[in-house]
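Here is the structure we will look at, set down as structure tokens.
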Amino acid sequence: MWRWLHPYAKPEVVYHLLGRWQPWLSITAALTLGLGIVWGLVFAPADYQQGDSYRIIFVHVPTAMFSMSLYIALAIAAFVGRVWQLKMADWGLAAIAPVGLTFTFISLVTGAIWGKPMWGTWWEWDARLTSQLILFFLYVGVLALYHAFSDQRNGAKAAGILAMVGVINIPIIRYSVEWWNTLHQGATLTVFERPPMATSMLIPLLVSILGFGLLAGALIVQRMRNEILRQELRRPWVKHVLNQDRATELSKTEQA
Amino acid sequence: MVFDNLQAFIAMGGYGFYVWLAFGISFAAIAVLVISGLTARRKLQREFVKEQRRQERLAQRKREVS
Amino acid sequence: MSTLLTAKQLSSQRAGRALFSDLSFTVQRGDVLHIEGVNGAGKSTLLRALVGLVQLQSGQIEFFPDAADDHDWRNQLLFMGHKAGIKAELTAIENLTLQAKLCGCAIDDAWQLLATVGLLGLEDVPAGQLSAGQQRRIALTRLWYSNVPLWILDEPFTALDTDGIELLQQRFAEHTAAGGAIIMTSHQLLTWTPTRLQRLRITGGDA
Amino acid sequence: MNDTSNWAAFTAVMRRDLMVVMRRRSDVLNPLLFILMVVSLFPLAVGPGPDILGRIAAGVIWVAALLSALLGSERLFRDDFLDGTLEQLTLLPQPLPLLAGAKIVVHWLLSGLPLVILAPLCALLLKLPAEGWLTLMATLVVGTPILSAVTAIGAALTVSLGRGGALLSLLLLPLFIPLLIFATGAVEAALMGTAAWPQVLLLAGLSLLTLLLAPFAVAAAIRVSVN
């Protein structure tokens with residue numbers, strides 16, 4: 001495993017590999033996401049209980065799903081970076097965290113907006129919303145710690161330790177919040193717990209889940225490439241890449 | 001197409017405000033993410049130019065000294 | 001075992017800038033390795049990398065390659081950086097005894113030791129009230145009581161007066177004569193000439 | 001390394017830290033006074049009626065405990081980092097997690113234990129009904145070690161940054177949430193006359209787990225910080 005990984009640990013190779021993926025990933029992400037959203041907004045039938053308000057599900061559920069898995073990916077990257085001393089994994093952490101944070105933010109906000117017409121309040125201390133809020137704080141902590149260091153290599157290492165501590169805590173936090181919620185018998189909220197969906201709603205939901213997954217991938221690839229350039233800024237190969245960039249930009253402005 | 005006309009589509013059966021707010025904020029958040037990625041690259045470019053100038057200065061100083 | 005340390009092709013970067021590359025050296029019993037270079041050349045980074053406080057980009061460091069048993073090298077060396085490692089709240093004698101306790105060294109007479117390094121009469125003053133040079137002297141007592149073969153010292157003469165420098169150099173001479181080795185950086189010129197002196201110049205930065 | 005030298009280093013670290021703190025008693029007293037003041041602010045803010053105060057007492061005491069832990073946490077490694085002792089600790093042949101464990105124990109002795117002793121006074125001020133006292137003490141005894149251990153992780157991560165305060169609370173408070181929930185839940189259960197021991201046991205388990213894992217995280221964080 002390790003031997004196989006080794007050639008990919010070279011920043012230049014990874015940069016160009018990701019560069020080949022990036023356009024395809026971006027295009028398929030945009031197409032799939034567009035299809036899922038349009039299908040969900042325009043063609044899927046209205047819900048017999050919630051009417052058209054349920055259409056928020058097409059962003060809420062995918063972002064909520066990926067917000068959690070991205071945090072786990074973050075911790076795995078940190079773990080790999082620590083155990084195998086793979087600096088590329090440390091940089092991956094810096095690429096994943098902003099995407100995860102944004103997804104968590106979206107799921108939180110859409111959840112609250114959905115709650116207003118359904119429960120009559122913008123914020124309910126429901127178990128899921130609460131643990132999502134805590135996940136948001138965990139992301140903020142990782143990113144804040146990363147940016148607090150002037151030396152990014154140390155920042156990535158420190159943020160990685162925090163991410164690993166956080167990922168151990170996540171199940172405990174989830175369990176505690178659920179327990180707390182039943183103890184205080186908040187509103188029994190069923191908006192997120194739906195009976196099996198009709199196929200006509202389920203298919204566009206699956207499409208937009210796929211779309212958001214691809215979007216997360218494309219965004220992470222974009223940020224990862226930036227991160228590689230930033231860390232290797234004084235290496236000859238980066239000089240070459242950036243010089244080429246400038247040349248194409250200049251020719252573009254000349255044409256215009 | 002489950003909506004009869006554009007107005008019905010925008011109204012979303014009375015939930016228009018919530019649905020469009022949710023989608024709008026989501027779109028804006030993702031747009032911020034995409035744009036920040038693009039500007040980060042632009043910024044790297046500028047930093048790189050600065051670094052090159054710095055190295056040119058260093059090289060020049062060396063030539064003058066020797 | 002006469003070789004204490006071999007370093008092969010050490011390279012380091014800090015904040016993307018190359019500090020040094022392809023440094024190789026060997027330190028044997030009785031050697032003094034004097035690392036020279038301008039400010040910011042990477043002398044401290046090199047010393048810190050030797051003891052594992054900083055990670056290098058590439059290279060290989062091996063301690064006691066001739067040793068038969070695979071004992072922990074951390075037991076066998078002593079590192080002193082820019083910071084003295086002295087607690088300002090504790091007195092000189094407390095600092096000394098606790099430090100010795102941490103490294104598991106036995107001291108015959110702590111008071112005598114403090115007198116040796118010129119702190120007679122200041123033994124029970126909190127270290128925070130002493131001067132920088134005096135604090136440094138407390139820290140330097142380690143060189144008298146710990147009997148490890150390899151010393152790695154970053155600017156050991158900082159803040160010391162001429163007497164202090166003289167005293168320290170005498171101790172260096174004793175150490176190397178007894179088969180110890182020293183790796184050090186210093187801007188001060190040595191007034192003592194070790195029998196086996198190696199100089200290593202780091203050109204640093206833009207080289 | 002053999003066990004005797006490990007134990008000697010463990011006690012040496014503990015002794016040194018305790019001696020240093022004994023020379024600066026105000027560092028121990030200030031967080032306790034802080035808790036006392038926060039606790040006495042609440043009757044002034046929400047009114048002195050025993051029904052309200054009694055209901056929120058456990059929550060107030062625990063939130064005050066969290067905040068006071070954060071207040072003193074910056075100093076946990078700061079001095080050691082600045083004067084170079086932290087660097088020397090990482091170079092010792094003894095395992096660093098063990099020495100980190102010693103620092104956690106010292107922190108608990110100086111912040112957790114006084115808190116447990118102070119708790120009855122706080123409970124008195126907040127008119128906590130008598131049924132909740134024992135449970136409150138129990139949660140503090142088993143919960144404060146978690147506080148010390150997790151705080152140590154955060155402090156070690158931010159020690160080289162110089163300005164830890166606000167960042168530290170951002171990192172640590174989310175991790176304290178389960179502790180807060182189970183501790184106050186236990187007291188609430190006791191007040192309602194149901195069994196509180198499941199939550200206390202759960203906290204004890206969490207405490208053990210944290211004490212087992214945290215030293216390794218602290219050690220890793222220290223190595224990053226002295227870099």
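Residue numbers start at 1 in each chain; chains themselves are named A, B, ... in the order of the structure tokens; ligands are numbered from 1 in the order shown.
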
DSSP on the backbone, strand (DSSP E or B) only: what residues of range 1-205 of chain C does that give? Format it as a PyMOL selection string. chain C and resi 3-14+17-28+31-36+58-63+77-80+91+126+150-154+181-185+196-201

Write out as a PyMOL selection string each polymer residue whose atoms come within 10 Å of Cys122 in chain D, counting only C-alpha atoms; drop sequence neighbours fewer than 3 positions from it. chain D and resi 35-40+57-58+60-61+115+117-119+125-128

Would you mind exporting the chosen residues as a PDB file, in the first residue's frame, restricted to N, CA and C atoms?
ATOM      1  N   ILE D  35     -15.274  31.867  39.806  1.00  0.00           N
ATOM      2  CA  ILE D  35     -16.465  31.012  39.892  1.00  0.00           C
ATOM      3  C   ILE D  35     -17.444  31.572  40.918  1.00  0.00           C
ATOM      4  N   LEU D  36     -16.908  31.939  42.056  1.00  0.00           N
ATOM      5  CA  LEU D  36     -17.758  32.457  43.134  1.00  0.00           C
ATOM      6  C   LEU D  36     -18.519  33.691  42.668  1.00  0.00           C
ATOM      7  N   MET D  37     -17.828  34.547  41.917  1.00  0.00           N
ATOM      8  CA  MET D  37     -18.472  35.783  41.453  1.00  0.00           C
ATOM      9  C   MET D  37     -19.527  35.490  40.397  1.00  0.00           C
ATOM     10  N   VAL D  38     -19.194  34.621  39.451  1.00  0.00           N
ATOM     11  CA  VAL D  38     -20.183  34.273  38.421  1.00  0.00           C
ATOM     12  C   VAL D  38     -21.429  33.710  39.084  1.00  0.00           C
ATOM     13  N   VAL D  39     -21.204  32.837  40.062  1.00  0.00           N
ATOM     14  CA  VAL D  39     -22.334  32.213  40.753  1.00  0.00           C
ATOM     15  C   VAL D  39     -23.179  33.260  41.478  1.00  0.00           C
ATOM     16  N   SER D  40     -22.500  34.253  42.066  1.00  0.00           N
ATOM     17  CA  SER D  40     -23.311  35.246  42.788  1.00  0.00           C
ATOM     18  C   SER D  40     -23.956  36.267  41.855  1.00  0.00           C
ATOM     19  N   ALA D  57     -29.317  25.885  39.201  1.00  0.00           N
ATOM     20  CA  ALA D  57     -28.074  25.874  39.995  1.00  0.00           C
ATOM     21  C   ALA D  57     -26.993  24.999  39.375  1.00  0.00           C
ATOM     22  N   ALA D  58     -27.341  23.737  39.078  1.00  0.00           N
ATOM     23  CA  ALA D  58     -26.312  22.814  38.581  1.00  0.00           C
ATOM     24  C   ALA D  58     -25.729  23.326  37.262  1.00  0.00           C
ATOM     25  N   VAL D  60     -25.543  26.428  36.187  1.00  0.00           N
ATOM     26  CA  VAL D  60     -24.706  27.610  36.418  1.00  0.00           C
ATOM     27  C   VAL D  60     -23.345  27.199  36.962  1.00  0.00           C
ATOM     28  N   ILE D  61     -23.357  26.294  37.929  1.00  0.00           N
ATOM     29  CA  ILE D  61     -22.080  25.883  38.521  1.00  0.00           C
ATOM     30  C   ILE D  61     -21.189  25.223  37.472  1.00  0.00           C
ATOM     31  N   LEU D 115     -12.286  23.147  43.034  1.00  0.00           N
ATOM     32  CA  LEU D 115     -13.648  23.350  42.563  1.00  0.00           C
ATOM     33  C   LEU D 115     -14.613  22.418  43.297  1.00  0.00           C
ATOM     34  N   ILE D 117     -14.183  21.232  46.205  1.00  0.00           N
ATOM     35  CA  ILE D 117     -14.295  21.706  47.585  1.00  0.00           C
ATOM     36  C   ILE D 117     -15.192  22.944  47.661  1.00  0.00           C
ATOM     37  N   LEU D 118     -15.140  23.760  46.625  1.00  0.00           N
ATOM     38  CA  LEU D 118     -15.908  25.006  46.621  1.00  0.00           C
ATOM     39  C   LEU D 118     -17.388  24.761  46.311  1.00  0.00           C
ATOM     40  N   ALA D 119     -17.674  23.613  45.676  1.00  0.00           N
ATOM     41  CA  ALA D 119     -19.026  23.364  45.170  1.00  0.00           C
ATOM     42  C   ALA D 119     -20.138  23.517  46.210  1.00  0.00           C
ATOM     43  N   LEU D 125     -25.292  29.019  47.815  1.00  0.00           N
ATOM     44  CA  LEU D 125     -25.633  30.347  47.306  1.00  0.00           C
ATOM     45  C   LEU D 125     -26.778  30.273  46.299  1.00  0.00           C
ATOM     46  N   LEU D 126     -26.800  29.191  45.525  1.00  0.00           N
ATOM     47  CA  LEU D 126     -27.814  29.070  44.480  1.00  0.00           C
ATOM     48  C   LEU D 126     -29.031  28.284  44.946  1.00  0.00           C
ATOM     49  N   LYS D 127     -29.073  27.963  46.222  1.00  0.00           N
ATOM     50  CA  LYS D 127     -30.231  27.287  46.811  1.00  0.00           C
ATOM     51  C   LYS D 127     -30.571  25.991  46.092  1.00  0.00           C
ATOM     52  N   LEU D 128     -29.548  25.222  45.794  1.00  0.00           N
ATOM     53  CA  LEU D 128     -29.783  23.908  45.197  1.00  0.00           C
ATOM     54  C   LEU D 128     -30.462  23.025  46.241  1.00  0.00           C
TER      55      LEU D 128
END

Restrict the distance test to only C-alpha atoms, flag each residue of chain C within 10 Å of chain D, and return the flagged residues as a PyMOL selection string. chain C and resi 45+48-49+51-55+71-90+94-95+97-104+126

Write out as a CSV table (one decimal) with N, CA and C atoms, in the first residue's frame every residue belonging to chain A that has an atom at most 10 Å from any atom of chain B, counting only C-alpha atoms.
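Saved the output as iface_16.csv:
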chain,number,residue,atom,x,y,z
A,37,ILE,N,-31.3,19.6,-9.0
A,37,ILE,CA,-32.0,20.8,-8.4
A,37,ILE,C,-33.2,21.1,-9.3
A,39,TRP,N,-34.8,19.3,-11.4
A,39,TRP,CA,-35.8,18.2,-11.3
A,39,TRP,C,-36.6,18.3,-10.0
A,41,LEU,N,-36.9,21.0,-8.1
A,41,LEU,CA,-37.7,22.2,-8.0
A,41,LEU,C,-38.9,22.3,-8.9
A,42,VAL,N,-38.8,21.7,-10.1
A,42,VAL,CA,-39.8,21.9,-11.2
A,42,VAL,C,-40.6,20.7,-11.4
A,43,PHE,N,-39.9,19.5,-11.4
A,43,PHE,CA,-40.7,18.3,-11.9
A,43,PHE,C,-41.2,17.4,-10.9
A,44,ALA,N,-40.5,17.4,-9.7
A,44,ALA,CA,-41.0,16.5,-8.6
A,44,ALA,C,-42.3,17.0,-8.1
A,45,PRO,N,-43.2,16.0,-7.8
A,45,PRO,CA,-44.5,16.5,-7.3
A,45,PRO,C,-44.4,17.1,-5.9
A,46,ALA,N,-45.4,17.9,-5.5
A,46,ALA,CA,-45.4,18.5,-4.2
A,46,ALA,C,-45.8,17.4,-3.2
A,50,GLN,N,-46.5,18.6,3.3
A,50,GLN,CA,-45.8,19.8,3.4
A,50,GLN,C,-45.8,20.7,2.2
A,51,GLY,N,-46.6,20.3,1.2
A,51,GLY,CA,-46.7,21.1,0.0
A,51,GLY,C,-45.3,21.3,-0.6
A,52,ASP,N,-45.1,22.5,-1.1
A,52,ASP,CA,-43.9,22.7,-1.9
A,52,ASP,C,-42.7,23.0,-1.0
A,53,SER,N,-42.9,23.3,0.3
A,53,SER,CA,-41.8,23.6,1.2
A,53,SER,C,-40.8,22.5,1.3
A,54,TYR,N,-41.3,21.3,1.1
A,54,TYR,CA,-40.3,20.1,1.2
A,54,TYR,C,-39.2,20.2,0.2
A,55,ARG,N,-39.3,21.0,-0.8
A,55,ARG,CA,-38.3,21.1,-1.8
A,55,ARG,C,-36.9,21.5,-1.3
A,56,ILE,N,-37.0,22.1,-0.1
A,56,ILE,CA,-35.7,22.4,0.5
A,56,ILE,C,-34.8,21.2,0.8
A,57,ILE,N,-35.5,20.0,0.8
A,57,ILE,CA,-34.8,18.7,1.1
A,57,ILE,C,-33.7,18.5,0.1
A,58,PHE,N,-33.8,19.1,-1.2
A,58,PHE,CA,-32.9,18.8,-2.2
A,58,PHE,C,-31.5,19.4,-2.0
A,59,VAL,N,-31.5,20.5,-1.1
A,59,VAL,CA,-30.1,20.9,-0.7
A,59,VAL,C,-29.9,20.5,0.8
A,60,HIS,N,-30.9,20.4,1.6
A,60,HIS,CA,-30.7,20.2,3.0
A,60,HIS,C,-30.1,18.8,3.2
A,63,THR,N,-26.3,18.2,1.8
A,63,THR,CA,-25.3,18.9,2.5
A,63,THR,C,-25.1,18.3,3.9
A,95,ALA,N,-7.6,21.6,2.5
A,95,ALA,CA,-8.5,21.8,1.3
A,95,ALA,C,-9.9,21.3,1.7
A,98,PRO,N,-12.6,24.0,4.6
A,98,PRO,CA,-13.6,25.0,4.2
A,98,PRO,C,-14.8,24.5,3.5
A,99,VAL,N,-14.6,23.4,2.7
A,99,VAL,CA,-15.8,22.8,2.0
A,99,VAL,C,-16.7,22.2,3.0
A,102,THR,N,-18.6,25.0,4.8
A,102,THR,CA,-19.7,25.5,4.0
A,102,THR,C,-20.9,24.6,3.9
A,103,PHE,N,-20.7,23.3,3.7
A,103,PHE,CA,-21.8,22.4,3.7
A,103,PHE,C,-22.5,22.3,5.0
A,105,PHE,N,-22.7,24.7,7.2
A,105,PHE,CA,-23.4,26.0,7.2
A,105,PHE,C,-24.7,25.9,6.4
A,106,ILE,N,-24.7,25.4,5.2
A,106,ILE,CA,-25.9,25.3,4.3
A,106,ILE,C,-26.9,24.4,5.0
A,107,SER,N,-26.5,23.3,5.5
A,107,SER,CA,-27.5,22.3,6.0
A,107,SER,C,-28.1,23.0,7.3
A,109,VAL,N,-28.5,26.3,7.9
A,109,VAL,CA,-29.4,27.4,7.5
A,109,VAL,C,-30.7,26.9,6.9
A,110,THR,N,-30.5,25.9,5.9
A,110,THR,CA,-31.7,25.4,5.3
A,110,THR,C,-32.6,24.7,6.2
A,111,GLY,N,-32.0,24.0,7.2
A,111,GLY,CA,-32.8,23.3,8.2
A,111,GLY,C,-33.6,24.3,9.0
A,112,ALA,N,-33.0,25.4,9.4
A,112,ALA,CA,-33.7,26.5,10.1
A,112,ALA,C,-34.8,27.1,9.3
A,113,ILE,N,-34.5,27.4,8.0
A,113,ILE,CA,-35.5,28.0,7.1
A,113,ILE,C,-36.7,27.0,6.9
A,114,TRP,N,-36.4,25.7,6.8
A,114,TRP,CA,-37.4,24.7,6.7
A,114,TRP,C,-38.3,24.7,7.9
A,115,GLY,N,-37.6,24.9,9.1
A,115,GLY,CA,-38.4,24.8,10.3
A,115,GLY,C,-39.4,25.9,10.5
A,116,LYS,N,-39.1,27.0,9.9
A,116,LYS,CA,-40.0,28.2,10.2
A,116,LYS,C,-41.5,27.8,9.7
A,117,PRO,N,-41.7,27.4,8.4
A,117,PRO,CA,-43.1,27.1,8.1
A,117,PRO,C,-43.6,25.9,8.7
A,215,LEU,N,-19.7,17.9,-6.4
A,215,LEU,CA,-19.3,19.3,-6.1
A,215,LEU,C,-18.2,19.4,-5.0
A,216,ALA,N,-18.5,18.6,-4.0
A,216,ALA,CA,-17.5,18.6,-2.9
A,216,ALA,C,-16.1,18.2,-3.4
A,218,ALA,N,-15.0,18.4,-6.6
A,218,ALA,CA,-14.4,19.4,-7.4
A,218,ALA,C,-13.8,20.6,-6.6
A,219,LEU,N,-14.5,21.0,-5.6
A,219,LEU,CA,-14.1,22.1,-4.7
A,219,LEU,C,-12.8,21.7,-4.0
A,220,ILE,N,-12.8,20.5,-3.5
A,220,ILE,CA,-11.6,20.0,-2.8
A,220,ILE,C,-10.4,19.9,-3.7
A,222,GLN,N,-9.9,21.7,-6.4
A,222,GLN,CA,-9.5,23.1,-6.6
A,222,GLN,C,-8.6,23.6,-5.5
A,223,ARG,N,-9.1,23.4,-4.3
A,223,ARG,CA,-8.4,24.0,-3.1
A,223,ARG,C,-7.1,23.2,-2.9
A,224,MET,N,-7.1,21.9,-3.1
A,224,MET,CA,-5.9,21.1,-3.0
A,224,MET,C,-4.8,21.6,-3.9
A,225,ARG,N,-5.2,21.9,-5.1
A,225,ARG,CA,-4.1,22.4,-6.1
A,225,ARG,C,-3.6,23.8,-5.6
A,226,ASN,N,-4.4,24.6,-5.2
A,226,ASN,CA,-4.0,25.9,-4.6
A,226,ASN,C,-3.0,25.7,-3.5
A,227,GLU,N,-3.4,24.7,-2.6
A,227,GLU,CA,-2.6,24.5,-1.4
A,227,GLU,C,-1.2,24.0,-1.8
A,229,LEU,N,0.4,24.6,-4.6
A,229,LEU,CA,1.2,25.7,-5.1
A,229,LEU,C,1.7,26.6,-4.0
A,230,ARG,N,0.8,26.8,-3.0
A,230,ARG,CA,1.2,27.7,-1.9
A,230,ARG,C,2.4,27.1,-1.1
A,233,LEU,N,5.8,27.1,-3.3
A,233,LEU,CA,5.9,28.3,-4.1
A,233,LEU,C,7.3,28.6,-4.7
A,234,ARG,N,8.3,28.2,-3.9
A,234,ARG,CA,9.7,28.5,-4.4
A,234,ARG,C,10.3,27.4,-5.1
A,238,VAL,N,6.9,25.0,-9.8
A,238,VAL,CA,5.8,25.9,-9.6
A,238,VAL,C,6.1,27.2,-10.4
A,239,LYS,N,7.3,27.6,-10.5
A,239,LYS,CA,7.7,28.7,-11.3
A,239,LYS,C,7.2,28.5,-12.7
A,242,LEU,N,3.4,28.7,-13.0
A,242,LEU,CA,2.8,30.0,-12.9
A,242,LEU,C,3.2,30.9,-14.0
A,243,ASN,N,4.4,30.7,-14.5
A,243,ASN,CA,4.8,31.5,-15.7
A,243,ASN,C,3.9,31.2,-16.9
A,245,ASP,N,0.8,30.1,-16.7
A,245,ASP,CA,-0.4,30.8,-16.4
A,245,ASP,C,-0.5,32.2,-16.8
A,246,ARG,N,0.6,32.9,-16.5
A,246,ARG,CA,0.7,34.3,-16.8
A,246,ARG,C,0.7,34.5,-18.3

Which residues are close to Gln57 in chain C, i.e. within 10 Å by only C-alpha atoms, leaving aside same-chain residues fewer than 6 positions away? Reply as an mmCIF file with all heavy atoms, in the first residue's frame.
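Result went into selection.cif, see below:
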data_model
loop_
_atom_site.group_PDB
_atom_site.id
_atom_site.type_symbol
_atom_site.label_atom_id
_atom_site.label_comp_id
_atom_site.auth_asym_id
_atom_site.auth_seq_id
_atom_site.Cartn_x
_atom_site.Cartn_y
_atom_site.Cartn_z
ATOM 1 N N LEU C 10 22.019 16.294 4.945
ATOM 2 C CA LEU C 10 20.897 16.972 5.580
ATOM 3 C C LEU C 10 20.487 18.189 4.757
ATOM 4 O O LEU C 10 21.332 18.966 4.326
ATOM 5 C CB LEU C 10 21.284 17.434 6.985
ATOM 6 C CG LEU C 10 21.886 16.377 7.900
ATOM 7 C CD1 LEU C 10 22.158 16.987 9.265
ATOM 8 C CD2 LEU C 10 20.952 15.194 8.035
ATOM 9 N N SER C 11 19.194 18.310 4.525
ATOM 10 C CA SER C 11 18.692 19.493 3.826
ATOM 11 C C SER C 11 17.493 20.027 4.600
ATOM 12 O O SER C 11 16.711 19.254 5.136
ATOM 13 C CB SER C 11 18.240 19.158 2.418
ATOM 14 O OG SER C 11 19.278 18.518 1.730
ATOM 15 N N SER C 12 17.383 21.325 4.615
ATOM 16 C CA SER C 12 16.247 21.901 5.331
ATOM 17 C C SER C 12 15.716 23.124 4.621
ATOM 18 O O SER C 12 16.432 23.842 3.947
ATOM 19 C CB SER C 12 16.668 22.306 6.738
ATOM 20 O OG SER C 12 15.631 23.034 7.341
ATOM 21 N N GLN C 13 14.426 23.325 4.795
ATOM 22 C CA GLN C 13 13.763 24.523 4.288
ATOM 23 C C GLN C 13 12.999 25.121 5.436
ATOM 24 O O GLN C 13 12.490 24.407 6.266
ATOM 25 C CB GLN C 13 12.721 24.150 3.244
ATOM 26 C CG GLN C 13 13.257 23.803 1.916
ATOM 27 C CD GLN C 13 12.111 23.551 0.983
ATOM 28 O OE1 GLN C 13 11.046 23.114 1.406
ATOM 29 N NE2 GLN C 13 12.305 23.840 -0.269
ATOM 30 N N ARG C 14 12.903 26.417 5.466
ATOM 31 C CA ARG C 14 12.003 27.020 6.414
ATOM 32 C C ARG C 14 11.160 28.009 5.628
ATOM 33 O O ARG C 14 11.706 28.816 4.892
ATOM 34 C CB ARG C 14 12.778 27.745 7.510
ATOM 35 C CG ARG C 14 11.964 27.805 8.785
ATOM 36 C CD ARG C 14 12.438 27.033 9.880
ATOM 37 N NE ARG C 14 11.372 26.355 10.603
ATOM 38 C CZ ARG C 14 11.328 26.359 11.915
ATOM 39 N NH1 ARG C 14 12.198 27.011 12.601
ATOM 40 N NH2 ARG C 14 10.400 25.662 12.537
ATOM 41 N N ALA C 18 15.262 27.603 1.139
ATOM 42 C CA ALA C 18 16.278 26.610 1.457
ATOM 43 C C ALA C 18 17.246 27.196 2.476
ATOM 44 O O ALA C 18 17.749 28.300 2.307
ATOM 45 C CB ALA C 18 17.015 26.209 0.195
ATOM 46 N N SER C 21 21.668 22.614 2.320
ATOM 47 C CA SER C 21 21.385 21.362 1.631
ATOM 48 C C SER C 21 22.644 20.535 1.546
ATOM 49 O O SER C 21 23.756 21.059 1.477
ATOM 50 C CB SER C 21 20.815 21.637 0.247
ATOM 51 O OG SER C 21 21.687 22.466 -0.460
#

Return as a tab-separated table (two decimals) with all heavy atoms, in the first residue's frame the residues belonging to chain A that are within 6 Å of chain D, counting only C-alpha atoms.
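For reference, out.tsv as written:
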chain	number	residue	atom	x	y	z
A	141	GLY	N	-13.37	25.60	14.66
A	141	GLY	CA	-12.18	25.45	15.48
A	141	GLY	C	-10.99	24.97	14.67
A	141	GLY	O	-9.89	25.52	14.76
A	173	ILE	N	-20.76	13.28	21.33
A	173	ILE	CA	-21.58	14.48	21.27
A	173	ILE	C	-22.98	14.15	20.75
A	173	ILE	O	-23.99	14.54	21.34
A	173	ILE	CB	-20.91	15.55	20.38
A	173	ILE	CG1	-19.63	16.06	21.03
A	173	ILE	CG2	-21.86	16.70	20.13
A	173	ILE	CD1	-18.82	17.00	20.17
A	176	SER	N	-24.94	12.30	23.37
A	176	SER	CA	-25.32	13.16	24.50
A	176	SER	C	-26.44	14.11	24.10
A	176	SER	O	-27.38	14.33	24.87
A	176	SER	CB	-24.10	13.92	25.01
A	176	SER	OG	-23.70	14.88	24.07

Give me the chain B side of the contact with chain C, cut-off 12 Å, one line per residue showing its nearest atom pair and distance in Å at one decimal, counting only C-alpha atoms, sorted by chain and residue number, as JSON lines.
{"residue": "B:Glu51", "atom": "CA", "partner": "C:Arg17", "partner_atom": "CA", "distance": 10.9}
{"residue": "B:Arg54", "atom": "CA", "partner": "C:Asp206", "partner_atom": "CA", "distance": 11.0}
{"residue": "B:Gln55", "atom": "CA", "partner": "C:Asp206", "partner_atom": "CA", "distance": 8.6}
{"residue": "B:Glu56", "atom": "CA", "partner": "C:Asp206", "partner_atom": "CA", "distance": 11.4}
{"residue": "B:Arg57", "atom": "CA", "partner": "C:Asp206", "partner_atom": "CA", "distance": 11.6}
{"residue": "B:Leu58", "atom": "CA", "partner": "C:Asp206", "partner_atom": "CA", "distance": 8.1}
{"residue": "B:Ala59", "atom": "CA", "partner": "C:Asp206", "partner_atom": "CA", "distance": 9.1}
{"residue": "B:Arg61", "atom": "CA", "partner": "C:Asp206", "partner_atom": "CA", "distance": 11.8}
{"residue": "B:Lys62", "atom": "CA", "partner": "C:Asp206", "partner_atom": "CA", "distance": 10.3}

Output as a Markdown table one row per residue of chain A within 12 Å of chain C: the closest atom pair and its distance in Å to one decimal place, counting only C-alpha atoms, sorted by chain and residue number ascending.
| residue | atom | partner | partner_atom | distance |
| --- | --- | --- | --- | --- |
| A:Gln85 | CA | C:Gln55 | CA | 10.4 |
| A:Leu86 | CA | C:Gln57 | CA | 11.9 |
| A:Lys87 | CA | C:Gln57 | CA | 10.8 |
| A:Phe149 | CA | C:Ala15 | CA | 12.0 |
| A:Ser150 | CA | C:Ala15 | CA | 9.2 |
| A:Asp151 | CA | C:Ala15 | CA | 6.7 |
| A:Gln152 | CA | C:Ala15 | CA | 8.3 |
| A:Arg153 | CA | C:Ala15 | CA | 8.6 |
| A:Asn154 | CA | C:Ala15 | CA | 10.6 |
| A:Ile228 | CA | C:Gly16 | CA | 11.9 |
| A:Leu229 | CA | C:Gly16 | CA | 11.1 |
| A:Arg230 | CA | C:Gly16 | CA | 9.3 |
| A:Gln231 | CA | C:Gly16 | CA | 7.0 |
| A:Glu232 | CA | C:Gly16 | CA | 6.7 |
| A:Leu233 | CA | C:Gly16 | CA | 7.0 |
| A:Arg234 | CA | C:Gly16 | CA | 6.0 |
| A:Arg235 | CA | C:Gly16 | CA | 8.1 |
| A:Pro236 | CA | C:Gly16 | CA | 11.7 |
| A:Val238 | CA | C:Gly16 | CA | 12.0 |

Give me, please, the distance in Å between CA of Lys8 in chain C and CA of Glu62 in chain C, quoted to one decimal. 8.6 Å

Within 12 Å of Ala149 in chain D, counting only C-alpha atoms, which residues show up once you throw out same-chain ones fewer than 3 positions away? Write them as an NGL selection string, please. (:A and (165)) or (:D and (69-70 or 73 or 76 or 97 or 100-109 or 111-112 or 143-146 or 152-156 or 172 or 175-176 or 206-219))

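Here CA of Glu178 in chain A and CA of Ala186 in chain D stand 15.1 Å from one another.
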
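Relative to CA of His184 in chain A, CA of Gly193 in chain D is found at 15.6 Å.
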